[in-house]
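Report on one structure; see the data block that follows.
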Amino acid sequence: MPDDLVTTRSTALSPDQVWQAWTDPGRLATWWWPHLPDATYEVDPQVGGQYRFVSSEAGLGVRGTFTELVPPERIFMTWEWVGEGAGPIEIVTVGIEEHGDGSQVTVTHSVDSVAGDREGAREGWESVLDRLAALPADTAGS
């Protein structure tokens, strides 16, 4: 049965900068899996567009479809692990709100707690969002 996993981080990035960080492959490469040198990022940020992040070396990948986009406030997408042991298709929502001089980013991941690794998903989102939050606003693009 699906269960929502919610992870929130504050960042110095503006909502527009956070949006670009999520939807531009070059910017994704600076924070998503920068420790995996062979990671590739494909993103078609439109409703019905696909995304795919893969590291063959790590045996890790995720793909999905953008189901709704509200720039620069919200991203709705499906989520499916790629490769051996891939689980069910889940739903991820990324909320982006102005917060002080930056933004607050909230990821809500509908995790199938029977088939999925809830603790691994939580750790993964915390790690990814920590790297996003660490990006300096002056180098993140506009």
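Ordering of the structure tokens sets the chain letters (A, B, ...); residue numbers start at 1 within each chain; ligands are numbered from 1 in the order shown.
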
Considering only C-alpha atoms, give me a table of residues in region 18-51 of chain A that are at most 9 Å from region 114-136 of chain A, with the closest atom pair and distance in Å for each, as JSON lines.
{"residue": "A:Val18", "atom": "CA", "partner": "A:Leu132", "partner_atom": "CA", "distance": 8.2}
{"residue": "A:Ala21", "atom": "CA", "partner": "A:Leu132", "partner_atom": "CA", "distance": 8.0}
{"residue": "A:Thr30", "atom": "CA", "partner": "A:Leu135", "partner_atom": "CA", "distance": 8.6}
{"residue": "A:Trp31", "atom": "CA", "partner": "A:Arg131", "partner_atom": "CA", "distance": 5.4}
{"residue": "A:Trp32", "atom": "CA", "partner": "A:Val128", "partner_atom": "CA", "distance": 5.6}
{"residue": "A:Trp33", "atom": "CA", "partner": "A:Val128", "partner_atom": "CA", "distance": 7.5}

Take the residues that were just selected and, keeping C-alpha atoms, output them as a compact mmCIF listing (two decimals), in the first residue's frame.
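See again24.txt below for the written result:
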# COMPACT_ATOMS: atom_id res chain seq x y z
CA VAL A 18 15.54 25.49 -8.21
CA ALA A 21 18.30 22.80 -11.28
CA THR A 30 26.12 19.30 -10.56
CA TRP A 31 24.02 18.03 -7.65
CA TRP A 32 22.00 14.86 -8.28
CA TRP A 33 24.74 12.18 -8.45

Write out as an MDAnalysis selection string the set of residues from region 5-114 of chain A that DSSP, computed on the backbone, places in strand (DSSP E). chainID A and resid 5:11 40:43 50:55 60:70 74:81 90:99 102:112

Q) Expressed in Å to a single decimal, how great is the separation between CA of Met77 (chain A) and CA of Asp4 (chain A)? A)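 Distance reported for this atom pair: 14.3 Å.
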
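Residues with any atom within 12 Å of Gln17 (chain A), counting only C-alpha atoms and excluding same-chain neighbours fewer than 5 positions away, are Thr11, Ala12, Trp22, Thr23, Asp24, Arg27, Leu28, Pro71, Pro72, Glu73, Ile96, Glu97, Glu98, Gly102, Ser103, Gln104, Val105, Leu132, Ala133, Leu135, Pro136, Ala137, Asp138, Thr139, Ala140, Gly141 and Ser142 of chain A.
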
(message) What's the separation between CA of Arg9 (chain A) and CA of Thr93 (chain A), in Å to one decimal place?
(response)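 Distance reported for this atom pair: 14.1 Å.
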
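Compared by their closest atoms to Trp79 (chain A), and using only C-alpha atoms, the residues A:Gly26, A:Val111, A:His99, A:Ser55 rank with A:Val111 nearest.
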
**OP:** Take CA of Gly61 (chain A) and CA of Asp38 (chain A) and report the distance between them in Å, one decimal.
**Re:**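 So the answer is 11.5 Å.
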
All alpha helix (DSSP H) residues (DSSP, backbone) inside chain A, as JSON, numbers by chain:
{"A": [15, 16, 17, 18, 19, 20, 21, 22, 23, 25, 26, 27, 28, 29, 30, 31, 118, 119, 120, 121, 122, 123, 124, 125, 126, 127, 128, 129, 130, 131, 132, 133, 134]}
